Structures are given as structure tokens and as C-alpha cells.
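The data block below is input_33.cif; it holds mmCIF, C-alpha atoms and all ligand atoms.
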data_my_file
loop_
_atom_site.label_atom_id
_atom_site.label_comp_id
_atom_site.auth_asym_id
_atom_site.auth_seq_id
_atom_site.Cartn_x
_atom_site.Cartn_y
_atom_site.Cartn_z
CA MET S 1176 63.93 196.74 201.07
CA ALA S 1177 63.13 194.14 203.69
CA SER S 1178 61.16 191.68 201.54
CA THR S 1179 61.93 187.99 201.43
CA MET S 1180 63.76 186.22 198.59
CA SER S 1181 60.66 184.45 197.33
CA HIS S 1182 58.51 187.53 196.66
CA PRO S 1183 59.44 190.46 194.44
CA SER S 1184 59.65 193.73 196.36
CA PRO S 1185 58.21 196.02 197.43
CA ILE S 1186 55.78 194.09 199.61
CA VAL S 1187 52.81 196.38 200.32
CA LEU S 1188 50.33 196.01 203.18
CA GLY S 1189 46.99 197.68 202.50
CA ILE S 1190 44.25 198.66 204.95
CA GLU S 1191 40.67 199.64 204.09
CA THR S 1192 38.18 200.72 206.76
CA SER S 1193 36.21 203.49 205.05
CA CYS S 1194 32.78 201.99 205.72
CA ASP S 1195 31.63 198.69 207.20
CA ASP S 1196 34.31 196.25 205.97
CA THR S 1197 37.51 195.75 207.93
CA ALA S 1198 40.06 194.75 205.32
CA CYS S 1199 43.77 194.00 205.20
CA ALA S 1200 45.76 192.70 202.21
CA ILE S 1201 49.34 192.03 201.23
CA VAL S 1202 50.44 192.53 197.63
CA ASP S 1203 53.91 191.87 196.21
CA GLY S 1204 55.99 193.98 193.85
CA GLN S 1205 54.31 192.46 190.79
CA GLY S 1206 50.84 193.24 192.10
CA ARG S 1207 50.26 189.61 193.07
CA VAL S 1208 47.69 189.42 195.87
CA LEU S 1209 49.34 187.27 198.55
CA SER S 1210 46.38 187.68 200.89
CA SER S 1211 43.17 189.69 201.00
CA VAL S 1212 41.04 189.46 204.10
CA VAL S 1213 37.69 191.24 204.33
CA SER S 1214 35.75 190.98 207.56
CA SER S 1215 32.17 191.99 206.93
CA GLN S 1216 30.09 193.71 209.60
CA LEU S 1217 26.87 192.82 207.76
CA LYS S 1218 25.24 190.99 210.62
CA VAL S 1219 25.86 193.82 213.08
CA HIS S 1220 24.25 196.48 210.85
CA GLN S 1221 21.49 194.38 209.29
CA PRO S 1222 18.89 195.06 212.01
CA PHE S 1223 19.25 198.81 211.29
CA GLY S 1224 18.81 198.49 207.49
CA GLY S 1225 22.08 200.36 206.86
CA VAL S 1226 25.49 201.13 208.35
CA VAL S 1227 25.55 202.79 211.81
CA PRO S 1228 28.78 204.86 211.82
CA GLU S 1229 29.60 204.67 215.53
CA ILE S 1230 29.05 200.91 215.65
CA ALA S 1231 31.16 200.50 212.50
CA SER S 1232 34.22 202.29 214.00
CA ARG S 1233 34.06 200.20 217.16
CA GLU S 1234 33.79 197.02 215.09
CA HIS S 1235 36.88 198.03 213.08
CA LEU S 1236 38.84 198.41 216.31
CA SER S 1237 37.86 195.01 217.62
CA ASN S 1238 38.17 193.23 214.24
CA TRP S 1239 41.56 194.62 213.26
CA PRO S 1240 43.91 192.28 215.25
CA ALA S 1241 42.34 189.10 213.80
CA VAL S 1242 42.07 190.52 210.28
CA SER S 1243 45.71 191.64 210.13
CA ALA S 1244 46.94 188.40 211.72
CA GLU S 1245 45.06 186.39 209.08
CA ALA S 1246 46.45 188.52 206.25
CA GLN S 1247 50.00 187.94 207.48
CA ALA S 1248 49.46 184.22 208.07
CA THR S 1249 47.92 183.64 204.62
CA ALA S 1250 50.74 185.55 202.91
CA GLY S 1251 53.25 183.72 205.11
CA LEU S 1252 54.99 186.98 205.88
CA PRO S 1253 55.80 188.67 209.20
CA LEU S 1254 55.33 192.41 209.65
CA ALA S 1255 59.08 192.90 209.30
CA ALA S 1256 58.81 191.79 205.64
CA ILE S 1257 56.50 194.70 204.78
CA ASP S 1258 58.20 197.45 202.74
CA VAL S 1259 55.27 199.83 202.26
CA VAL S 1260 52.06 200.48 204.22
CA ALA S 1261 48.91 202.03 202.74
CA ALA S 1262 45.48 202.88 204.13
CA THR S 1263 42.37 204.55 202.78
CA ARG S 1264 42.37 208.21 203.83
CA GLY S 1265 38.87 209.04 202.51
CA PRO S 1266 36.19 209.59 201.53
CA GLY S 1267 34.13 207.60 204.00
CA LEU S 1268 32.93 207.57 207.59
CA ILE S 1269 35.40 209.66 209.57
CA GLY S 1270 35.55 207.42 212.67
CA CYS S 1271 36.05 204.35 210.51
CA LEU S 1272 38.77 205.99 208.39
CA LEU S 1273 40.58 207.10 211.55
CA VAL S 1274 40.92 203.51 212.78
CA GLY S 1275 42.55 202.21 209.57
CA LEU S 1276 44.69 205.26 208.94
CA SER S 1277 45.96 205.43 212.53
CA VAL S 1278 46.87 201.75 212.56
CA GLY S 1279 48.62 202.11 209.18
CA ARG S 1280 50.55 205.23 210.15
CA ALA S 1281 51.67 203.69 213.44
CA LEU S 1282 52.79 200.54 211.66
CA ALA S 1283 54.74 202.42 208.98
CA PHE S 1284 56.29 204.75 211.55
CA SER S 1285 57.37 201.95 213.87
CA LEU S 1286 58.85 199.93 210.99
CA GLY S 1287 60.37 203.01 209.37
CA ARG S 1288 58.55 202.39 206.09
CA SER S 1289 56.94 204.48 203.38
CA PHE S 1290 53.24 205.20 204.01
CA HIS S 1291 50.50 206.14 201.55
CA GLY S 1292 47.08 207.56 202.42
CA VAL S 1293 45.09 206.40 199.39
CA HIS S 1294 41.87 207.91 198.03
CA HIS S 1295 39.16 205.23 198.02
CA LEU S 1296 38.36 205.99 194.37
CA GLU S 1297 42.01 205.57 193.40
CA GLY S 1298 41.84 202.06 194.88
CA HIS S 1299 38.75 201.13 192.85
CA LEU S 1300 40.07 202.77 189.67
CA TYR S 1301 43.07 200.44 189.29
CA SER S 1302 41.41 197.30 190.75
CA PRO S 1303 40.39 195.86 187.31
CA PHE S 1304 44.08 195.13 186.73
CA LEU S 1305 44.30 192.85 189.77
CA GLN S 1306 44.09 189.14 189.12
CA VAL S 1307 42.86 186.22 191.20
CA ASP S 1308 44.63 182.93 192.00
CA GLY S 1309 47.97 184.49 192.83
CA GLU S 1310 48.64 185.80 189.31
CA PRO S 1311 50.64 189.03 188.94
CA ALA S 1312 48.60 192.17 188.18
CA LEU S 1313 48.03 193.03 184.53
CA THR S 1314 50.02 195.89 183.06
CA VAL S 1315 48.19 199.17 183.69
CA PRO S 1316 47.93 201.03 180.36
CA GLU S 1317 49.43 204.51 180.26
CA SER S 1318 46.09 205.86 179.07
CA PHE S 1319 42.61 204.50 179.79
CA VAL S 1320 39.09 205.45 180.83
CA GLY S 1321 37.84 204.18 184.20
CA LEU S 1322 34.22 203.69 185.20
CA VAL S 1323 33.70 203.42 188.97
CA VAL S 1324 30.21 202.38 190.07
CA SER S 1325 29.70 201.92 193.80
CA GLY S 1326 27.50 202.98 196.69
CA GLY S 1327 29.22 206.36 196.82
CA HIS S 1328 30.40 207.00 193.27
CA THR S 1329 29.31 206.87 189.67
CA SER S 1330 32.33 208.36 187.93
CA LEU S 1331 33.83 208.18 184.48
CA LEU S 1332 37.49 209.14 184.69
CA ALA S 1333 40.23 209.69 182.11
CA VAL S 1334 43.66 208.45 183.16
CA GLU S 1335 46.76 209.73 181.38
CA GLY S 1336 49.83 208.55 183.28
CA GLU S 1337 49.65 210.15 186.70
CA VAL S 1338 46.93 212.60 185.76
CA VAL S 1339 43.31 211.62 186.41
CA ARG S 1340 40.55 213.86 185.08
CA SER S 1341 36.85 213.55 185.73
CA LEU S 1342 34.73 213.14 182.59
CA VAL S 1343 31.26 212.35 183.92
CA GLU S 1344 29.94 212.41 187.51
CA THR S 1345 26.57 211.79 189.05
CA ARG S 1346 24.56 214.91 189.81
CA ASP S 1347 22.68 213.17 192.59
CA ASP S 1348 22.66 209.55 193.77
CA ALA S 1349 25.25 206.90 192.93
CA MET S 1350 24.17 203.80 191.05
CA GLY S 1351 24.74 201.34 193.93
CA GLU S 1352 22.98 203.72 196.30
CA VAL S 1353 19.72 203.64 194.32
CA PHE S 1354 19.82 199.83 194.17
CA ASP S 1355 20.08 199.91 197.97
CA LYS S 1356 17.29 202.47 198.43
CA VAL S 1357 14.85 200.81 196.03
CA GLY S 1358 15.59 197.40 197.58
CA LYS S 1359 15.07 198.85 201.06
CA ARG S 1360 11.66 200.24 200.04
CA LEU S 1361 10.80 196.76 198.82
CA GLY S 1362 11.75 195.36 202.25
CA LEU S 1363 14.91 193.53 201.18
CA SER S 1364 17.67 193.24 203.73
CA TYR S 1365 20.95 195.19 203.63
CA PRO S 1366 22.95 195.37 201.35
CA GLN S 1367 20.04 195.49 198.94
CA GLY S 1368 22.03 195.96 195.69
CA PRO S 1369 22.93 192.29 195.15
CA GLU S 1370 19.40 191.24 196.21
CA VAL S 1371 17.75 193.59 193.68
CA ASP S 1372 20.14 192.28 191.01
CA LEU S 1373 19.13 188.68 191.72
CA LEU S 1374 15.44 189.55 191.82
CA ALA S 1375 15.82 191.33 188.47
CA GLU S 1376 17.37 188.17 187.00
CA THR S 1377 14.01 186.46 187.50
CA GLY S 1378 11.92 189.18 185.80
CA VAL S 1379 11.34 190.40 182.25
CA VAL S 1380 11.78 193.95 181.05
CA SER S 1381 8.49 195.38 179.85
CA ARG S 1382 8.63 197.08 176.45
CA GLU S 1383 5.43 199.05 177.17
CA ALA S 1384 6.50 200.91 180.31
CA PRO S 1385 10.27 201.29 180.22
CA PHE S 1386 12.15 203.45 182.72
CA ALA S 1387 13.70 206.44 180.99
CA VAL S 1388 17.40 207.25 180.72
CA PRO S 1389 17.90 210.94 181.71
CA LYS S 1390 18.28 213.05 178.58
CA VAL S 1391 21.36 215.11 177.88
CA LYS S 1392 20.26 218.42 176.41
CA ASN S 1393 22.74 220.21 174.25
CA ASP S 1394 25.05 217.21 173.76
CA ARG S 1395 28.00 218.85 172.09
CA GLN S 1396 31.70 219.05 172.80
CA GLY S 1397 32.28 221.06 175.96
CA ALA S 1398 28.76 220.74 177.39
CA GLU S 1399 28.49 218.86 180.69
CA LEU S 1400 27.84 215.14 180.49
CA PHE S 1401 26.35 213.79 183.70
CA PHE S 1402 24.87 210.73 185.35
CA SER S 1403 21.65 211.06 187.31
CA TYR S 1404 20.00 208.25 189.25
CA SER S 1405 17.56 209.95 191.61
CA GLY S 1406 14.78 210.13 188.98
CA LEU S 1407 15.08 206.41 188.38
CA LYS S 1408 14.90 205.76 192.12
CA THR S 1409 11.81 207.96 192.56
CA GLU S 1410 10.04 206.30 189.63
CA ALA S 1411 10.84 202.78 190.89
CA ILE S 1412 9.56 203.65 194.37
CA ARG S 1413 6.43 205.21 192.84
CA GLN S 1414 5.77 201.97 190.97
CA ILE S 1415 6.37 199.88 194.12
CA GLU S 1416 3.76 202.03 195.88
CA ALA S 1417 1.33 201.51 192.98
CA LEU S 1418 1.75 197.73 193.35
CA GLU S 1419 1.06 198.09 197.09
CA ARG S 1420 -2.13 200.06 196.41
CA ARG S 1421 -3.29 197.39 193.95
CA GLY S 1422 -2.67 194.70 196.55
CA VAL S 1423 -0.03 192.97 194.40
CA LEU S 1424 2.51 193.66 197.13
CA THR S 1425 1.26 192.98 200.64
CA ASP S 1426 3.00 193.51 204.00
CA ASP S 1427 3.78 189.83 204.07
CA ARG S 1428 6.88 189.76 201.90
CA PRO S 1429 10.20 187.92 201.94
CA SER S 1430 13.31 189.83 203.06
CA THR S 1431 15.55 188.22 200.46
CA CYS S 1432 15.39 187.74 196.69
CA ALA S 1433 15.09 183.99 197.21
CA GLY S 1434 11.49 184.32 198.41
CA ASP S 1435 8.26 184.02 196.49
CA TRP S 1436 7.94 187.45 194.85
CA PRO S 1437 5.00 188.25 192.52
CA ALA S 1438 5.91 188.52 188.81
CA PRO S 1439 5.05 192.26 188.55
CA VAL S 1440 7.65 193.02 191.26
CA ARG S 1441 10.30 190.90 189.57
CA ASN S 1442 9.52 192.59 186.24
CA LEU S 1443 9.67 195.99 187.87
CA MET S 1444 13.15 195.24 189.22
CA ALA S 1445 14.23 193.94 185.80
CA GLY S 1446 13.10 197.22 184.19
CA PHE S 1447 14.79 199.29 186.89
CA ARG S 1448 18.09 197.44 186.52
CA HIS S 1449 17.88 197.61 182.73
CA ALA S 1450 17.54 201.42 182.82
CA ALA S 1451 20.38 201.78 185.35
CA VAL S 1452 22.77 199.93 183.04
CA ALA S 1453 21.37 201.57 179.88
CA GLN S 1454 22.34 204.95 181.32
CA LEU S 1455 25.96 203.84 181.74
CA ILE S 1456 26.06 202.63 178.15
CA ASP S 1457 24.42 205.82 176.86
CA ARG S 1458 27.06 207.98 178.58
CA LEU S 1459 29.92 205.75 177.43
CA ASP S 1460 28.75 206.11 173.83
CA ARG S 1461 28.34 209.88 174.16
CA GLN S 1462 31.80 210.19 175.69
CA ARG S 1463 33.31 208.10 172.89
CA ARG S 1464 31.69 210.37 170.27
CA ARG S 1465 33.37 213.34 171.95
CA ARG S 1466 36.72 211.68 172.44
CA PRO S 1467 37.23 208.07 171.30
CA PHE S 1468 38.96 205.75 173.77
CA GLU S 1469 40.20 202.19 173.33
CA VAL S 1470 40.51 200.93 176.90
CA LEU S 1471 37.81 200.87 179.59
CA ALA S 1472 38.40 199.64 183.16
CA VAL S 1473 35.21 199.05 185.18
CA SER S 1474 35.23 198.78 188.98
CA GLY S 1475 33.32 199.33 192.24
CA GLY S 1476 30.77 197.32 194.21
CA ALA S 1477 28.01 197.79 191.61
CA ALA S 1478 30.36 196.40 188.93
CA ALA S 1479 29.28 193.01 190.36
CA ASN S 1480 25.90 193.62 188.75
CA ARG S 1481 25.14 190.71 186.46
CA LEU S 1482 23.44 192.70 183.70
CA LEU S 1483 26.17 195.34 183.76
CA ARG S 1484 28.83 192.65 183.28
CA ARG S 1485 26.97 190.99 180.40
CA GLN S 1486 26.05 194.20 178.62
CA LEU S 1487 29.39 195.95 178.99
CA THR S 1488 31.14 192.83 177.72
CA SER S 1489 29.13 192.80 174.48
CA TRP S 1490 29.24 196.62 174.25
CA ALA S 1491 33.05 196.46 174.32
CA VAL S 1492 33.16 193.71 171.67
CA ASP S 1493 30.82 195.70 169.38
CA ARG S 1494 32.87 198.91 169.74
CA GLY S 1495 36.29 197.26 169.63
CA VAL S 1496 37.05 198.55 173.14
CA HIS S 1497 39.50 196.59 175.31
CA LEU S 1498 37.53 195.98 178.51
CA PHE S 1499 39.03 195.29 181.92
CA LEU S 1500 36.19 194.23 184.21
CA VAL S 1501 37.15 194.04 187.89
CA PRO S 1502 37.25 190.43 189.16
CA LEU S 1503 34.20 189.84 191.38
CA LYS S 1504 36.52 189.20 194.30
CA TYR S 1505 37.77 192.80 194.14
CA SER S 1506 34.61 194.65 193.07
CA GLY S 1507 33.41 195.46 196.60
CA ASP S 1508 35.57 197.22 199.14
CA ASN S 1509 38.84 195.42 199.83
CA ALA S 1510 42.38 196.27 200.86
CA ALA S 1511 44.18 194.64 197.90
CA MET S 1512 43.08 197.58 195.74
CA ILE S 1513 44.49 200.04 198.29
CA ALA S 1514 47.81 198.18 198.42
CA PHE S 1515 47.93 198.03 194.61
CA ALA S 1516 47.28 201.78 194.24
CA ALA S 1517 50.17 202.39 196.65
CA LEU S 1518 52.38 200.00 194.66
CA LEU S 1519 51.66 201.99 191.49
CA ARG S 1520 52.67 205.17 193.34
CA GLU S 1521 55.90 203.58 194.52
CA ARG S 1522 56.65 202.50 190.95
CA ARG S 1523 56.35 206.16 189.94
CA GLY S 1524 58.91 206.97 192.60
CA VAL S 1525 56.46 208.51 195.08
CA ARG S 1526 57.36 207.88 198.74
CA GLY S 1527 54.81 208.61 201.45
CA ASP S 1528 55.32 209.93 204.96
CA ALA S 1529 53.39 208.39 207.86
CA LEU S 1530 53.32 211.64 209.80
CA ASP S 1531 52.09 213.64 206.88
CA THR S 1532 48.68 212.11 206.17
CA VAL S 1533 45.28 212.97 207.62
CA VAL S 1534 41.82 211.54 207.02
CA ALA S 1535 38.93 213.43 205.47
CA SER S 1536 35.32 212.33 205.06
CA ARG S 1537 35.05 214.19 201.73
CA ILE S 1538 38.00 214.75 199.46
CA PRO S 1539 38.13 215.46 195.74
CA PHE S 1540 40.06 212.95 193.67
CA ALA S 1541 40.17 213.76 189.98
CA LYS S 1542 40.35 217.20 188.43
CA SER S 1543 37.18 218.03 186.56
CA CYS S 1544 37.54 218.56 182.83
CA VAL S 1545 33.98 219.67 182.13
O1 LIG M 1 32.48 199.63 196.36
P1 LIG M 1 31.51 199.26 197.41
O2 LIG M 1 31.72 197.94 198.14
O3 LIG M 1 31.41 200.37 198.50
C1 LIG M 1 31.42 201.73 198.15
O4 LIG M 1 32.52 202.25 197.87
O5 LIG M 1 30.30 202.28 198.08
O6 LIG M 1 30.07 199.27 196.74
C2 LIG M 1 28.93 198.90 197.46
C3 LIG M 1 27.71 199.16 196.60
C4 LIG M 1 26.41 199.02 197.37
O7 LIG M 1 25.57 200.10 197.06
C5 LIG M 1 25.87 197.70 196.87
O8 LIG M 1 24.48 197.59 196.96
C6 LIG M 1 26.32 197.75 195.43
O9 LIG M 1 27.64 198.23 195.51
N1 LIG M 1 26.26 196.43 194.79
C7 LIG M 1 25.46 196.14 193.74
C8 LIG M 1 25.66 194.78 193.45
N2 LIG M 1 26.58 194.28 194.35
C9 LIG M 1 26.93 195.32 195.15
N3 LIG M 1 24.63 196.92 193.03
C10 LIG M 1 23.97 196.34 192.01
N4 LIG M 1 24.10 195.04 191.67
C11 LIG M 1 24.93 194.22 192.37
N5 LIG M 1 25.06 192.95 192.04
ZN ZN M 2 34.12 201.32 197.50
#

Please go through the file and, once you have read it, give me the structure as C-alpha cells.
Ligand code: KG4
Ligand code: ZN
Amino acid sequence: MASTMSHPSPIVLGIETSCDDTACAIVDGQGRVLSSVVSSQLKVHQPFGGVVPEIASREHLSNWPAVSAEAQATAGLPLAAIDVVAATRGPGLIGCLLVGLSVGRALAFSLGRSFHGVHHLEGHLYSPFLQVDGEPALTVPESFVGLVVSGGHTSLLAVEGEVVRSLVETRDDAMGEVFDKVGKRLGLSYPQGPEVDLLAETGVVSREAPFAVPKVKNDRQGAELFFSYSGLKTEAIRQIEALERRGVLTDDRPSTCAGDWPAPVRNLMAGFRHAAVAQLIDRLDRQRRRRPFEVLAVSGGAAANRLLRRQLTSWAVDRGVHLFLVPLKYSGDNAAMIAFAALLRERRGVRGDALDTVVASRIPFAKSCV
């Protein structure tokens, strides 16, 4: 191992370029984040209301030198001190993945180091055990349930050592995705999820016209449990359109949550957000009735949602569940989670080969157990 005296080995350099963030991080052998740099392409994509894949790959290429230099400078480590290199291999935008994976493979090959192509979901799954302020990572329990809520995934996963099984998946949209789509219909600027969340903070949930949580017919052991968010999205958009017809919402509207939004819109967003979180809690309770679990680790971009954090915290206290909620710093896409996932693999004795990894825009992660 080439790591310096002051940091426990192995030193892992992580790369994440699956979508519109160019990220590089360095994590030490105790899962301490020595640096985590995320260069956002927000401004470049904002005029288009969403990520433009071709522009995103080009941005990764031009951002990479500065991002990696900053990660090394902050950690105070030269490239020669890196023992292991890891990059996201999918799922994501293929051109974007290719940039990060190619850079990572070349780096590992030239240094003669172990290389891991990490599944994006694997990165999120273990991120709740990362700590901020240079603290070592928390011990990852041998057995736990992981909830990943992001723009691409709404997945409940059972982890038993190295084996990850899928418990509940979304049948249609992901939770973060519907926040984005509903916010876009409202005219909020990209990424709309955090804006909708803030707007919802200023509204009240109506008891008269609540949004429904999709019913699970035949809820018995062995029957499929699922998430579904497209109905909630359609209903929210239908109600936005009704407010437009009534003249409550005019064409003259702010593009951020900070503007002067009419109360019915704020209340609508509060009701929408409430139902989105209620569905997570409903499925967690159903899953616990089927198979009780004591540890829940929650991650992904939408795990930054304020209501989700409040409600899951009290849910866990009420049920006696030990909750690991991803630190806000690592909820959205970052490279520290990719480096940490690779560190966990190394601890299990898995060594990766730089020449042996390819990218894929869609790849399964967990085995399904339904
Ligand atoms: O994990 P992430 O950065 O990228 C993916 O892997 O998808 O998650 C991004 C998603 C977006 O859909 C974004 O709108 C959503 O997370 N998000 C939120 C909040 N912050 C980010 N959704 C709801 N409430 C938030 N506060
Ligand atoms: Zn993600």
C-alpha cells in the first residue's frame, strides 16, 4: 500500500459522473472523507429545464482536471498516495459514465492499483454511514434495510453481508422524479425537488382533499409490495391545471419557491409532499409486518426532503428502529459514497481490475426477492 503515515490505508479515490455532477472524493481506510468535491452543472442545464446528456458529458470532460486537482489539494495527498480507484459504472447517462469510468480506469492502470466500477445504487445504499467533519465512517451493520430515494430510484433493499436483495421497487416514477416533474409544471426552475420541498414548508395539508397513497391489494406474505408515484404526479398536475383554470395561478409566476405564491398552491404542494412521504412510511410498516427489521439506512437525493427527515425520525423512534439518515452533504450525488462502497469491497477482500470494467446505462443491482 502506498498511503502516507498519517492516514490509515487503503486510501480510495472515488469518481462520480453518472448525470450532471462532476465529483471526485478521497476517503481513507476508516471511511473518513478527506475531500469531496462536487462541481454542479446546474447553470448550464437550467435554461433547458433538465439535463441535456451531450452537454453534460462535455462538461464532465472540461470540469474533471480542476475537480480532481481540488480533491487532491484538499486531502493533501498526491496521486501516488492513492491505493484504490473507483468510479460509477452505471446506471446513468452513457456518455457521462464513460468520462468518469475511463479516467478512473486509466488512473488505476497507470498507477497499478485496484479499480472498482461501482453501481450508483451501491454508493447511495452505504452513504448513511459516512460522517461529516472528518470523522471516520460508522460501522456498517452486517444486516440492515436500505431505503434509496432519488431521481432515478425508489428502492427498499435488504442487506445481509454481501448479499443485497430488493424488497420494494417503484412500478413507475421515482420519488425525486415526480417532485421534479410537478415542480416543472408549476414553472419552478431545475432541480425542482428542493424548490417544491421549500414551497410545501409554507403550506398546510388539507384534511378535506388529501392525496391518496396507492393501495396494496392482497397484502400478504409473498405478494408483491411496490411503490408507485405516477398517480400522485398526475393528480398534482391535474390540481395545478384546475388552479390555472380558476385564475388562482396566472402566467406571471415566480421561478423559485422564494416568490410570492398563492396559498392554494403552497397548500397543494404541502399535500403532495405529505402523500409522497406517507407512501414511504406505509410501505415500511407493511414490510416490517412481513419481516421485522431493526436498522434502516435512508439515502439518495430525495432523502434531503425536510418532511421525510422529520417523519422518518419520529417513525423510527416510535417503532424502536435504529435509523441512519444520510448526512445532507452526501444525500445528492457525490463521489465520497462511491469511494466508500469501494472501500467496503476492499475490506471484504475484493480486488478490482481496471481493464475488466465497462459502463452500462441500465444495470440491475439487487436480486429481487418478490
Ligand atoms: O441522488 P440524486 O442526486 O441523483 C439521482 O441519483 O437521481 O437525486 C436527485 C433527486 C432529484 O430528483 C431532486 O429533485 C431530488 O433528488 N431532491 C429532492 C430534494 N432534494 C433533492 N426531492 C424532494 N425534496 C428535496 N428536498
Ligand atoms: Zn444518485

* Asked: When the cut-off is 7 Å and you count only C-alpha atoms and all ligand atoms, which residues lie near ligand LIG 1 (chain M), shown as a PyMOL selection string?
  -> chain S and resi 1325-1328+1351-1352+1354-1355+1366-1369+1371-1372+1475-1481+1506-1508

* **Between CA of Asp1493 in chain S and CA of Asp1460 in chain S, distance in Å (one decimal)** =>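 Separation between CA of Asp1493 in chain S and CA of Asp1460 in chain S: 11.5 Å.
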
* **Best match for closeness to Val1473 in chain S among S:Val1323, S:Ala1541, S:Cys1199, S:Ala1516, counting all atoms listed in the file** =>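 Ranking S:Val1323, S:Ala1541, S:Cys1199, S:Ala1516 by distance to Val1473 in chain S, first place goes to S:Val1323.
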
* Asked: So which residues touch Val1440 in chain S within 10 Å, counting all atoms listed in the file, skipping near sequence neighbours fewer than 6 positions away, as a ChimeraX atom specification?
  -> /S:1361,1374-1375,1377-1378,1414-1415,1418,1423-1424,1446

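Considering only C-alpha atoms, the residue among S:Gly1270, S:Gly1251, S:Pro1183, S:Gly1321 positioned nearest to Val1470 in chain S is S:Gly1321.
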
* Taking all atoms listed in the file into account, which of S:Leu1455, S:Leu1363, S:Leu1300, S:Leu1518 comes nearest Gly1224 in chain S? ->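 Of all the options, S:Leu1363 lies closest to Gly1224 in chain S.
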
* To do: Record the distance separating CA of Asp1347 in chain S and CA of Ile1538 in chain S, expressed in Å with one decimal.
  =>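 Result for CA of Asp1347 in chain S versus CA of Ile1538 in chain S: 16.9 Å, one decimal.
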
* range 1187-1193 of chain S surroundings by all atoms listed in the file, 8 Å radius, close-in-sequence under 5 positions cut, as a PyMOL selection string -> chain S and resi 1198-1204+1235+1257-1269+1271-1272+1274-1276+1279+1295+1508-1515+1517-1518

Restricted to C-alpha atoms, what would the selected residues look like written as a compact mmCIF listing (two decimals), in the frame of the given file?
# COMPACT_ATOMS: atom_id res chain seq x y z
CA ALA S 1198 40.06 194.75 205.32
CA CYS S 1199 43.77 194.00 205.20
CA ALA S 1200 45.76 192.70 202.21
CA ILE S 1201 49.34 192.03 201.23
CA VAL S 1202 50.44 192.53 197.63
CA ASP S 1203 53.91 191.87 196.21
CA GLY S 1204 55.99 193.98 193.85
CA HIS S 1235 36.88 198.03 213.08
CA ILE S 1257 56.50 194.70 204.78
CA ASP S 1258 58.20 197.45 202.74
CA VAL S 1259 55.27 199.83 202.26
CA VAL S 1260 52.06 200.48 204.22
CA ALA S 1261 48.91 202.03 202.74
CA ALA S 1262 45.48 202.88 204.13
CA THR S 1263 42.37 204.55 202.78
CA ARG S 1264 42.37 208.21 203.83
CA GLY S 1265 38.87 209.04 202.51
CA PRO S 1266 36.19 209.59 201.53
CA GLY S 1267 34.13 207.60 204.00
CA LEU S 1268 32.93 207.57 207.59
CA ILE S 1269 35.40 209.66 209.57
CA CYS S 1271 36.05 204.35 210.51
CA LEU S 1272 38.77 205.99 208.39
CA VAL S 1274 40.92 203.51 212.78
CA GLY S 1275 42.55 202.21 209.57
CA LEU S 1276 44.69 205.26 208.94
CA GLY S 1279 48.62 202.11 209.18
CA HIS S 1295 39.16 205.23 198.02
CA ASP S 1508 35.57 197.22 199.14
CA ASN S 1509 38.84 195.42 199.83
CA ALA S 1510 42.38 196.27 200.86
CA ALA S 1511 44.18 194.64 197.90
CA MET S 1512 43.08 197.58 195.74
CA ILE S 1513 44.49 200.04 198.29
CA ALA S 1514 47.81 198.18 198.42
CA PHE S 1515 47.93 198.03 194.61
CA ALA S 1517 50.17 202.39 196.65
CA LEU S 1518 52.38 200.00 194.66

* Asked: Which residues come within 10 Å of Val1391 in chain S, counting all atoms listed in the file, excluding same-chain residues fewer than 6 positions away, as number ranges by chain?
  -> S: 1398-1402, 1457-1458, 1461

Selection from above, C-alpha atoms, as an mmCIF file, in the coordinates of the input, can you write it?
data_model
loop_
_atom_site.group_PDB
_atom_site.id
_atom_site.type_symbol
_atom_site.label_atom_id
_atom_site.label_comp_id
_atom_site.auth_asym_id
_atom_site.auth_seq_id
_atom_site.Cartn_x
_atom_site.Cartn_y
_atom_site.Cartn_z
ATOM 1 C CA ALA S 1398 28.760 220.740 177.390
ATOM 2 C CA GLU S 1399 28.490 218.860 180.690
ATOM 3 C CA LEU S 1400 27.840 215.140 180.490
ATOM 4 C CA PHE S 1401 26.350 213.790 183.700
ATOM 5 C CA PHE S 1402 24.870 210.730 185.350
ATOM 6 C CA ASP S 1457 24.420 205.820 176.860
ATOM 7 C CA ARG S 1458 27.060 207.980 178.580
ATOM 8 C CA ARG S 1461 28.340 209.880 174.160
#

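With CA of Thr1488 in chain S on one side and atom ZN of ligand ZN 2 (chain M) on the other, the separation reads 21.7 Å.
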
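With only C-alpha atoms and all ligand atoms as the atoms that count, the minimum distance from ligand ZN 2 (chain M) to the choices S:Asp1308, S:Glu1229, S:Glu1376, S:Asp1196 is reached by S:Asp1196.
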
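Checking S:Ser1474, S:Ser1184, S:Ser1289, S:Ser1214 one by one against ligand ZN 2 (chain M), counting all atoms listed in the file, you find the shortest gap at S:Ser1474.
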
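Comparing the minimum interatomic distances between ligand ZN 2 (chain M) and each of S:His1299, S:Arg1523, S:Arg1441, S:His1182, counting only C-alpha atoms and all ligand atoms, we find that S:His1299 sits nearest.
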
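The point (56.5, 191.4, 186.6) has these residues within 9 Å of it, counting all atoms listed in the file: Pro1183, Gly1204, Gln1205, Gly1206, Pro1311, Ala1312, Leu1313 and Thr1314 of chain S.
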
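For range 1528-1530 of chain S, the set of protein, DNA and RNA residues having any atom at most 6 Å away, when counting all atoms listed in the file and skipping those fewer than 5 positions along the same chain, is Arg1280, Phe1284, Ser1289 and Phe1290 of chain S.
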
Determine, counting all atoms listed in the file, which protein, DNA and RNA residues have an atom within 10 Å of an atom of Ala1491 in chain S; residues of the same chain fewer than 5 positions away are not included. Present the result as an mmCIF file with C-alpha atoms, keeping the file's coordinate frame.
data_model
loop_
_atom_site.group_PDB
_atom_site.id
_atom_site.type_symbol
_atom_site.label_atom_id
_atom_site.label_comp_id
_atom_site.auth_asym_id
_atom_site.auth_seq_id
_atom_site.Cartn_x
_atom_site.Cartn_y
_atom_site.Cartn_z
ATOM 1 C CA GLU S 1469 40.200 202.190 173.330
ATOM 2 C CA VAL S 1470 40.510 200.930 176.900
ATOM 3 C CA LEU S 1471 37.810 200.870 179.590
ATOM 4 C CA GLN S 1486 26.050 194.200 178.620
ATOM 5 C CA VAL S 1496 37.050 198.550 173.140
ATOM 6 C CA HIS S 1497 39.500 196.590 175.310
ATOM 7 C CA LEU S 1498 37.530 195.980 178.510
ATOM 8 C CA PHE S 1499 39.030 195.290 181.920
#
